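**Q** I'd like to ask you about the structure that follows.
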Amino acid sequence: MIELENVNKRFMKKSALQDVSLELTKGKIIGLVGENGSGKSTTLKLIAGLVHPSKGSVKVNGNPVDRRIASQVSYLSELDDYYGFYNVGQTIDFFAEQFADFNKEKAEEIRAFMKLDPDAKLKQLSKGNRGRLKIVLTLAREVPVILMDEPLSGLDPMVRDSIVKGLISFIDLEHQIVLITTHEIKEIETILDEVIAIRDGRIIGHHNVEQLRIEENQGIVEWMTSIYDREIH
Amino acid sequence: MNAFASLTKKELRMGMPVFLVPIIIFIVAVAAAAFFGGRSGVAAEAIAAVSVAAVTMQIFYLIYYLNFSLKAEKKKLHLWLHNPLPGYSMLLAKLSAGLISMLATLLITGVTLIISAQSAGFITHLQNDFNLTNIGFFSGLHVVLIAIDLSIYFVFFYMIYLLFNRYFGGFLSFCSTFVLFGVSTYLWGKFSETAIHRSLTSWGEIELNGFVFNRKFENNGFEFFTEFDTVHVFLGSYLFETIIVFILFFAASWMLDRKVEV
């Protein structure tokens with residue numbers, strides 16, 4: 001469903017990704033974890049067609065990716081800039097008009113779950129509420145691929161847990177694949193099926209989370225620490 | 001509402017401050033002209049002069065509008081570019097919003113010009129000699145056409161600027177685009193002096209008359225008015241410019257879809 005084949009990405013002189021190959025199939029929630037600047041956001045932007053590989057190819061459902069893959073990919077950016085002249089309800093309406101697959105009823109359901117006031121002006125929203133709005137707009141789309149770049153950033157730690165539990169109920173795992181980057185590993189560990197570790201633009205590990213727990217008796221953080229240690233030595 | 005109409009509506013909302021600023025400046029300028037002109041008893045003439053300047057300056061209106069709109073969008077490219085609509089629709093939505101704002105501004109400045117010119121009294125004299133309806137229509141149409149033409153050149157170079165951003169920093173991208181613009185303008189100028197350019201553009205000559213009523217002038221005046229009344233335009237140059245503009249527009253759309261990065 002998502003294929004990255006020998007992907008390299010350079011930004012001017014800096015190499016962001018090196019020889020990344022991945023094949024991800026539907027029906028899974030996958031965590032992409034790594035340090036700051038390791039290439040997590042770049043990987044998501046490549047799949048969303050918002051940046052282009054310097055070498056290699058990126059495909060979604062067999063189609064080479066460019067910006068217009070937005071028809072099959074719902075992308076939540078780490079940035080939370082929206083059009084400040086709209087309120088929450090108008091932003092949802094605008095997205096519903098832009099994306100044919102946008103399910104407005106579902107958006108209303110998620111908005112209510114997130115306790116967002118539809119009349120609240122975006123300019124006046126707190127960072128946490130802008131984060132919630134991003135989740136509403138991303139999950140309300142009925143697309144095969146959902147990409148979420150740091151979806152929990154800015155959210156109050158007290159509510160993160162309930163939001164993470166809520167996320168799972170709004171994802172259609174029969175038809176969707178969800179790729180999440182995050183630093184809040186502990187908080188999303190319970191919902192992840194697979195985890196991919198990335199370091200200095202290279203994939204250094206790809207594992208089934210359940211297997212990690214049962215066979216190696218490790219959580220994601222312990223697993224990451226062990227592979228990071230292995231990389232260093 | 002379909003996606004394009006909704007996007008155009010968003011562009012209009014986003015461009016509201018850009019729409020209002022020139023109108024406010026125009027109102028202030030008209031008020032100043034009325035005040036200072038009124039002291040010398042030529043208020044209407046002064047307002048007419050301000051209105052003529054305002055109408056003429058609108059050949060740059062779409063550049064001004066798109067510059068604001070594209071700059072605002074550059075701050076949230078992840079939001080603007082994450083859209084399934086093709087690049088040409090996204091750019092066309094911006095152009096449509098700009099054109100609607102421009103026509104509304106043109107209406108305000110144009111009506112002010114007509115009213116002030118009529119109040120000025122010299123219009124009665126001019127009306128005897130000139131067909132002001134034809135002149136107004138011809139000039140207004142060309143203000144709009146030139147504005148669209150310039151805006152497409154601007155969009156094309158803005159996309160190149162965004163493309164350069166992939167490789168250089170913001171300042172260097174701006175400088176490189178500026179140099180490229182200068183070099184292309186120079187080369188285009190050279191090309192427009194060639195026989196090939198002439199053969200491509202100087203065909204289908206149309207002689208437009210109907211700008212002058214009164215031809216009964218003395219020798220020199222007669223020549224002047226005869227010359228003024230005969231405007232030569234070439235169908236070839238309109239078609240040639242239209243083709244160039246279409247090529248640049250679709251090249252800009254292609255860059256937006258395939259090359260521009262967040």
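Letters A, B, ... mark the chains of the structure tokens in the order given; residue numbers begin at 1 per chain; ligand numbers begin at 1, in order shown.
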Residues of chain A within 12 Å of chain B, counting only C-alpha atoms - could you list those as a PyMOL selection string?

**A** chain A and resi 9-14+41-42+44-54+64-86+90-91+93-102+134+137-138+147+149

**Q** What does the file look like for those residues with C-alpha atoms, as an mmCIF file, in the first residue's frame?

**A**
data_model
loop_
_atom_site.group_PDB
_atom_site.id
_atom_site.type_symbol
_atom_site.label_atom_id
_atom_site.label_comp_id
_atom_site.auth_asym_id
_atom_site.auth_seq_id
_atom_site.Cartn_x
_atom_site.Cartn_y
_atom_site.Cartn_z
ATOM 1 C CA LYS A 9 16.340 12.904 0.357
ATOM 2 C CA ARG A 10 18.693 15.844 0.569
ATOM 3 C CA PHE A 11 17.908 19.394 1.653
ATOM 4 C CA MET A 12 20.695 21.483 0.154
ATOM 5 C CA LYS A 13 23.844 19.933 1.642
ATOM 6 C CA LYS A 14 22.068 18.051 4.407
ATOM 7 C CA SER A 41 8.656 14.223 9.381
ATOM 8 C CA THR A 42 10.476 14.050 6.045
ATOM 9 C CA LEU A 44 5.682 11.494 6.176
ATOM 10 C CA LYS A 45 5.984 14.494 3.855
ATOM 11 C CA LEU A 46 7.420 12.221 1.146
ATOM 12 C CA ILE A 47 4.426 9.903 1.424
ATOM 13 C CA ALA A 48 2.079 12.913 1.364
ATOM 14 C CA GLY A 49 3.806 14.158 -1.822
ATOM 15 C CA LEU A 50 4.770 17.409 -0.112
ATOM 16 C CA VAL A 51 8.469 16.816 -0.665
ATOM 17 C CA HIS A 52 10.035 14.796 -3.457
ATOM 18 C CA PRO A 53 12.734 12.136 -3.210
ATOM 19 C CA SER A 54 16.209 13.093 -4.439
ATOM 20 C CA PRO A 64 3.863 7.385 -7.856
ATOM 21 C CA VAL A 65 3.364 10.152 -5.358
ATOM 22 C CA ASP A 66 3.081 13.870 -5.966
ATOM 23 C CA ARG A 67 1.104 16.599 -4.211
ATOM 24 C CA ARG A 68 -2.191 15.354 -5.607
ATOM 25 C CA ILE A 69 -1.908 12.079 -3.721
ATOM 26 C CA ALA A 70 -3.857 14.135 -1.166
ATOM 27 C CA SER A 71 -6.902 12.410 -2.669
ATOM 28 C CA GLN A 72 -5.729 9.165 -1.035
ATOM 29 C CA VAL A 73 -3.732 10.459 1.894
ATOM 30 C CA SER A 74 -4.866 12.416 4.918
ATOM 31 C CA TYR A 75 -1.915 14.282 6.399
ATOM 32 C CA LEU A 76 -1.670 15.885 9.816
ATOM 33 C CA SER A 77 1.256 18.290 9.884
ATOM 34 C CA GLU A 78 3.405 18.977 12.920
ATOM 35 C CA LEU A 79 2.560 22.659 12.252
ATOM 36 C CA ASP A 80 -0.809 23.940 13.311
ATOM 37 C CA ASP A 81 -1.358 26.936 11.043
ATOM 38 C CA TYR A 82 -4.872 27.178 9.676
ATOM 39 C CA TYR A 83 -6.798 29.990 8.048
ATOM 40 C CA GLY A 84 -7.264 32.350 10.979
ATOM 41 C CA PHE A 85 -10.361 34.045 9.574
ATOM 42 C CA TYR A 86 -12.393 30.827 9.930
ATOM 43 C CA GLN A 90 -16.110 26.885 9.104
ATOM 44 C CA THR A 91 -12.759 25.098 8.950
ATOM 45 C CA ASP A 93 -16.926 22.942 6.337
ATOM 46 C CA PHE A 94 -13.989 24.122 4.215
ATOM 47 C CA PHE A 95 -12.271 20.738 4.513
ATOM 48 C CA ALA A 96 -15.552 18.952 3.741
ATOM 49 C CA GLU A 97 -15.785 20.955 0.512
ATOM 50 C CA GLN A 98 -12.160 20.347 -0.463
ATOM 51 C CA PHE A 99 -12.050 16.588 0.123
ATOM 52 C CA ALA A 100 -14.711 14.411 -1.484
ATOM 53 C CA ASP A 101 -14.013 11.657 1.089
ATOM 54 C CA PHE A 102 -14.554 13.930 4.095
ATOM 55 C CA LYS A 134 -5.922 18.835 13.449
ATOM 56 C CA LEU A 137 -9.738 17.203 10.226
ATOM 57 C CA THR A 138 -7.383 14.299 9.611
ATOM 58 C CA LEU A 147 -0.301 10.220 8.251
ATOM 59 C CA ASP A 149 3.091 13.956 12.454
#

**Q** Name the residues in contact with Thr105 of chain B at a cut-off of 10 Å, using only C-alpha atoms, excluding same-chain residues fewer than 6 positions from it; report them as a list in words.

**A**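 What passes the distance filter is Phe19, Leu20, Pro22, Ile23, Phe26, Ala54, Val55, Gln58, Tyr61, Leu99 and Val111 of chain B.
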
**Q** Restricted to N, CA and C atoms, what would the selected residues look like written as a PDB file, in the first residue's frame?

**A**
ATOM      1  N   PHE B  19      -7.904  43.724  -0.520  1.00  0.00           N
ATOM      2  CA  PHE B  19      -8.974  44.387  -1.263  1.00  0.00           C
ATOM      3  C   PHE B  19      -9.280  45.757  -0.642  1.00  0.00           C
ATOM      4  N   LEU B  20      -9.314  45.783   0.695  1.00  0.00           N
ATOM      5  CA  LEU B  20      -9.738  47.006   1.381  1.00  0.00           C
ATOM      6  C   LEU B  20      -8.675  48.109   1.376  1.00  0.00           C
ATOM      7  N   PRO B  22      -6.322  49.276  -0.843  1.00  0.00           N
ATOM      8  CA  PRO B  22      -6.308  50.261  -1.944  1.00  0.00           C
ATOM      9  C   PRO B  22      -7.562  51.137  -1.956  1.00  0.00           C
ATOM     10  N   ILE B  23      -8.700  50.559  -1.558  1.00  0.00           N
ATOM     11  CA  ILE B  23      -9.933  51.346  -1.559  1.00  0.00           C
ATOM     12  C   ILE B  23      -9.842  52.446  -0.497  1.00  0.00           C
ATOM     13  N   PHE B  26      -7.521  55.037  -1.745  1.00  0.00           N
ATOM     14  CA  PHE B  26      -8.183  55.819  -2.794  1.00  0.00           C
ATOM     15  C   PHE B  26      -9.131  56.848  -2.172  1.00  0.00           C
ATOM     16  N   ALA B  54      -5.518  56.181 -10.352  1.00  0.00           N
ATOM     17  CA  ALA B  54      -5.947  54.948  -9.669  1.00  0.00           C
ATOM     18  C   ALA B  54      -6.338  53.869 -10.681  1.00  0.00           C
ATOM     19  N   VAL B  55      -7.076  54.289 -11.728  1.00  0.00           N
ATOM     20  CA  VAL B  55      -7.496  53.311 -12.746  1.00  0.00           C
ATOM     21  C   VAL B  55      -6.265  52.759 -13.474  1.00  0.00           C
ATOM     22  N   GLN B  58      -4.087  50.141 -11.829  1.00  0.00           N
ATOM     23  CA  GLN B  58      -4.654  48.806 -11.634  1.00  0.00           C
ATOM     24  C   GLN B  58      -4.122  47.752 -12.599  1.00  0.00           C
ATOM     25  N   TYR B  61      -2.631  45.616 -10.252  1.00  0.00           N
ATOM     26  CA  TYR B  61      -3.476  45.176  -9.129  1.00  0.00           C
ATOM     27  C   TYR B  61      -3.315  43.686  -8.837  1.00  0.00           C
ATOM     28  N   LEU B  99      -9.271  38.795  -9.513  1.00  0.00           N
ATOM     29  CA  LEU B  99      -9.998  39.477 -10.586  1.00  0.00           C
ATOM     30  C   LEU B  99     -11.311  40.078 -10.069  1.00  0.00           C
ATOM     31  N   VAL B 111     -16.156  54.707 -11.599  1.00  0.00           N
ATOM     32  CA  VAL B 111     -17.366  55.511 -11.379  1.00  0.00           C
ATOM     33  C   VAL B 111     -16.974  56.886 -10.813  1.00  0.00           C
TER      34      VAL B 111
END

**Q** I'd like the contact shell of Val233 of chain B - 8 Å cut-off, only C-alpha atoms, skipping same-chain residues fewer than 2 positions apart - returned as a list in words.

**A** Glu205, Ile206, Glu207, Leu208, Val231, Leu235 and Ser237 of chain B

**Q** Go through segment 1-226 of chain A and collect every residue that DSSP, computed from the backbone, puts in alpha helix (DSSP H); the answer should be as an mmCIF file with C-alpha atoms, in the first residue's frame.

**A**
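Saved to states20.cif:
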data_model
loop_
_atom_site.group_PDB
_atom_site.id
_atom_site.type_symbol
_atom_site.label_atom_id
_atom_site.label_comp_id
_atom_site.auth_asym_id
_atom_site.auth_seq_id
_atom_site.Cartn_x
_atom_site.Cartn_y
_atom_site.Cartn_z
ATOM 1 C CA LYS A 40 10.464 11.132 10.680
ATOM 2 C CA SER A 41 8.656 14.223 9.381
ATOM 3 C CA THR A 42 10.476 14.050 6.045
ATOM 4 C CA THR A 43 9.292 10.445 5.600
ATOM 5 C CA LEU A 44 5.682 11.494 6.176
ATOM 6 C CA LYS A 45 5.984 14.494 3.855
ATOM 7 C CA LEU A 46 7.420 12.221 1.146
ATOM 8 C CA ILE A 47 4.426 9.903 1.424
ATOM 9 C CA VAL A 88 -13.748 25.684 13.971
ATOM 10 C CA GLY A 89 -17.061 24.924 12.243
ATOM 11 C CA GLN A 90 -16.110 26.885 9.104
ATOM 12 C CA THR A 91 -12.759 25.098 8.950
ATOM 13 C CA ILE A 92 -14.542 21.743 9.072
ATOM 14 C CA ASP A 93 -16.926 22.942 6.337
ATOM 15 C CA PHE A 94 -13.989 24.122 4.215
ATOM 16 C CA PHE A 95 -12.271 20.738 4.513
ATOM 17 C CA ALA A 96 -15.552 18.952 3.741
ATOM 18 C CA GLU A 97 -15.785 20.955 0.512
ATOM 19 C CA GLN A 98 -12.160 20.347 -0.463
ATOM 20 C CA LYS A 104 -18.870 15.478 8.027
ATOM 21 C CA GLU A 105 -20.890 13.398 10.477
ATOM 22 C CA LYS A 106 -17.737 11.706 11.651
ATOM 23 C CA ALA A 107 -16.044 15.093 11.929
ATOM 24 C CA GLU A 108 -18.877 16.317 14.147
ATOM 25 C CA GLU A 109 -18.590 13.184 16.259
ATOM 26 C CA ILE A 110 -14.825 13.634 16.713
ATOM 27 C CA ARG A 111 -15.240 17.374 17.319
ATOM 28 C CA ALA A 112 -17.747 16.644 20.096
ATOM 29 C CA PHE A 113 -15.410 14.012 21.542
ATOM 30 C CA LYS A 127 -2.212 25.217 21.057
ATOM 31 C CA GLY A 128 -3.897 22.193 22.584
ATOM 32 C CA ASN A 129 -7.209 22.939 20.888
ATOM 33 C CA ARG A 130 -5.506 23.551 17.552
ATOM 34 C CA GLY A 131 -3.965 20.108 18.025
ATOM 35 C CA ARG A 132 -7.413 18.640 18.612
ATOM 36 C CA LEU A 133 -8.756 20.350 15.496
ATOM 37 C CA LYS A 134 -5.922 18.835 13.449
ATOM 38 C CA ILE A 135 -7.001 15.398 14.650
ATOM 39 C CA VAL A 136 -10.650 16.089 13.747
ATOM 40 C CA LEU A 137 -9.738 17.203 10.226
ATOM 41 C CA THR A 138 -7.383 14.299 9.611
ATOM 42 C CA LEU A 139 -9.469 11.430 10.946
ATOM 43 C CA PRO A 157 -0.765 15.335 29.265
ATOM 44 C CA MET A 158 -3.921 14.826 31.385
ATOM 45 C CA VAL A 159 -6.096 14.306 28.295
ATOM 46 C CA ARG A 160 -3.604 12.578 26.002
ATOM 47 C CA ASP A 161 -4.543 9.154 27.252
ATOM 48 C CA SER A 162 -8.256 9.587 26.624
ATOM 49 C CA ILE A 163 -7.566 11.125 23.190
ATOM 50 C CA VAL A 164 -5.279 8.239 22.218
ATOM 51 C CA LYS A 165 -7.998 5.769 23.257
ATOM 52 C CA GLY A 166 -10.508 7.812 21.275
ATOM 53 C CA LEU A 167 -8.281 7.797 18.183
ATOM 54 C CA ILE A 168 -8.596 4.062 17.768
ATOM 55 C CA SER A 169 -12.381 4.239 17.596
ATOM 56 C CA ILE A 185 5.991 6.702 22.774
ATOM 57 C CA LYS A 186 4.611 5.432 26.073
ATOM 58 C CA GLU A 187 1.270 7.110 25.438
ATOM 59 C CA ILE A 188 0.630 5.574 22.026
ATOM 60 C CA VAL A 209 4.910 -4.426 18.832
ATOM 61 C CA GLU A 210 3.002 -7.481 20.111
ATOM 62 C CA GLN A 211 5.922 -9.756 19.270
ATOM 63 C CA LEU A 212 8.287 -7.405 21.077
ATOM 64 C CA ARG A 213 6.173 -7.665 24.191
ATOM 65 C CA ILE A 214 5.620 -11.432 24.096
ATOM 66 C CA GLU A 215 8.841 -12.773 22.621
ATOM 67 C CA ILE A 220 9.129 0.182 22.512
ATOM 68 C CA VAL A 221 11.395 2.442 24.564
ATOM 69 C CA GLU A 222 13.526 -0.512 25.746
ATOM 70 C CA TRP A 223 13.684 -1.861 22.199
ATOM 71 C CA MET A 224 14.726 1.549 20.859
ATOM 72 C CA THR A 225 17.345 1.945 23.560
ATOM 73 C CA SER A 226 18.796 -1.469 22.752
#

**Q** Would you compute the distance between atom CA of Leu126 of chain B and atom CA of His142 of chain B? Give it in Å to one decimal.

**A**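 Computing the Euclidean distance for atom CA of Leu126 of chain B and atom CA of His142 of chain B yields 21.4 Å.
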
**Q** Show me, as an NGL selection string, the residues that have an atom within 10 Å of Met57 of chain B when counting only C-alpha atoms, minus same-chain residues fewer than 6 positions from it.

**A** :B and (51 or 143 or 147)

**Q** Convert the current residue selection to file output with C-alpha atoms, as an mmCIF file, in the first residue's frame.

**A**
data_model
loop_
_atom_site.group_PDB
_atom_site.id
_atom_site.type_symbol
_atom_site.label_atom_id
_atom_site.label_comp_id
_atom_site.auth_asym_id
_atom_site.auth_seq_id
_atom_site.Cartn_x
_atom_site.Cartn_y
_atom_site.Cartn_z
ATOM 1 C CA SER B 51 -9.102 58.617 -10.345
ATOM 2 C CA VAL B 143 -6.235 47.561 -18.058
ATOM 3 C CA ALA B 147 -3.240 43.061 -15.377
#

**Q** Name all residues at most 9 Å from Glu174 of chain A (count only C-alpha atoms; drop same-chain ones fewer than 2 positions away) and give them as a PyMOL selection string.

**A** chain A and resi 26-28+171-172+176-177

**Q** Put those residues in a file: C-alpha atoms, as an mmCIF file, in the first residue's frame.

**A**
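New file result_25.cif:
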data_model
loop_
_atom_site.group_PDB
_atom_site.id
_atom_site.type_symbol
_atom_site.label_atom_id
_atom_site.label_comp_id
_atom_site.auth_asym_id
_atom_site.auth_seq_id
_atom_site.Cartn_x
_atom_site.Cartn_y
_atom_site.Cartn_z
ATOM 1 C CA LYS A 26 -3.291 -1.626 5.398
ATOM 2 C CA GLY A 27 -4.977 -2.570 8.629
ATOM 3 C CA LYS A 28 -2.183 -1.381 10.889
ATOM 4 C CA ILE A 171 -9.889 4.700 12.567
ATOM 5 C CA ASP A 172 -11.255 2.142 10.125
ATOM 6 C CA GLN A 176 -6.880 2.267 6.495
ATOM 7 C CA ILE A 177 -3.228 2.364 7.385
#

**Q** Extract the full set of strand (DSSP E or B) residues from segment 80-262 of chain B according to DSSP on the backbone, and format it as a list in words.

**A**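 Residues of segment 80-262 of chain B classed as strand (DSSP E or B): Phe130, Glu205, Ile206, Glu207, Leu208, Val212, Val231, His232, Val233 and Phe234 of chain B.
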
**Q** Write the residues you've just listed into a file as a compact mmCIF listing (two decimals), in the first residue's frame, and include N, CA and C atoms for each of them.

**A**
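That gives us out.txt:
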# COMPACT_ATOMS: atom_id res chain seq x y z
N PHE B 130 -14.76 63.61 -28.52
CA PHE B 130 -14.36 62.20 -28.35
C PHE B 130 -15.55 61.30 -28.02
N GLU B 205 -3.93 42.83 -38.87
CA GLU B 205 -4.06 44.22 -38.41
C GLU B 205 -5.52 44.64 -38.38
N ILE B 206 -5.89 45.24 -37.28
CA ILE B 206 -7.25 45.77 -37.17
C ILE B 206 -7.14 47.26 -36.89
N GLU B 207 -7.88 48.01 -37.68
CA GLU B 207 -7.86 49.46 -37.48
C GLU B 207 -9.08 49.83 -36.67
N LEU B 208 -8.84 50.35 -35.49
CA LEU B 208 -9.97 50.73 -34.64
C LEU B 208 -10.21 52.22 -34.75
N VAL B 212 -12.98 59.39 -32.00
CA VAL B 212 -13.11 60.84 -32.16
C VAL B 212 -14.34 61.15 -33.01
N VAL B 231 -6.42 53.65 -34.18
CA VAL B 231 -5.57 52.79 -33.36
C VAL B 231 -5.39 51.47 -34.09
N HIS B 232 -4.11 51.11 -34.28
CA HIS B 232 -3.84 49.85 -34.99
C HIS B 232 -3.53 48.78 -33.96
N VAL B 233 -4.27 47.71 -34.01
CA VAL B 233 -3.90 46.57 -33.15
C VAL B 233 -3.72 45.35 -34.06
N PHE B 234 -2.88 44.44 -33.59
CA PHE B 234 -2.63 43.23 -34.38
C PHE B 234 -3.20 42.02 -33.66

**Q** Hey, what's within 7 Å of Leu17 of chain A if we count only C-alpha atoms and toss same-chain stuff fewer than 2 positions away? As a PyMOL selection string, please?

**A** chain A and resi 7-10+15+19-20+39+201-202

**Q** So the first atom is atom CA of Ser153 of chain A and the second is atom CA of Asn61 of chain A; what is the distance between them in Å, to one decimal place?

**A** 29.1 Å

**Q** What is the distance, in Å and to one decimal place, between atom CA of Asn209 of chain B and atom CA of Gly140 of chain B?

**A**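 That distance, rounded to one decimal, is 16.6 Å.
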
**Q** Between B:Ser202, B:Ser176, B:Ser192, B:Ser69, which is the closest to Tyr161 of chain B once you count only C-alpha atoms?

**A**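 Ranked by minimum distance to Tyr161 of chain B, first place goes to B:Ser176.
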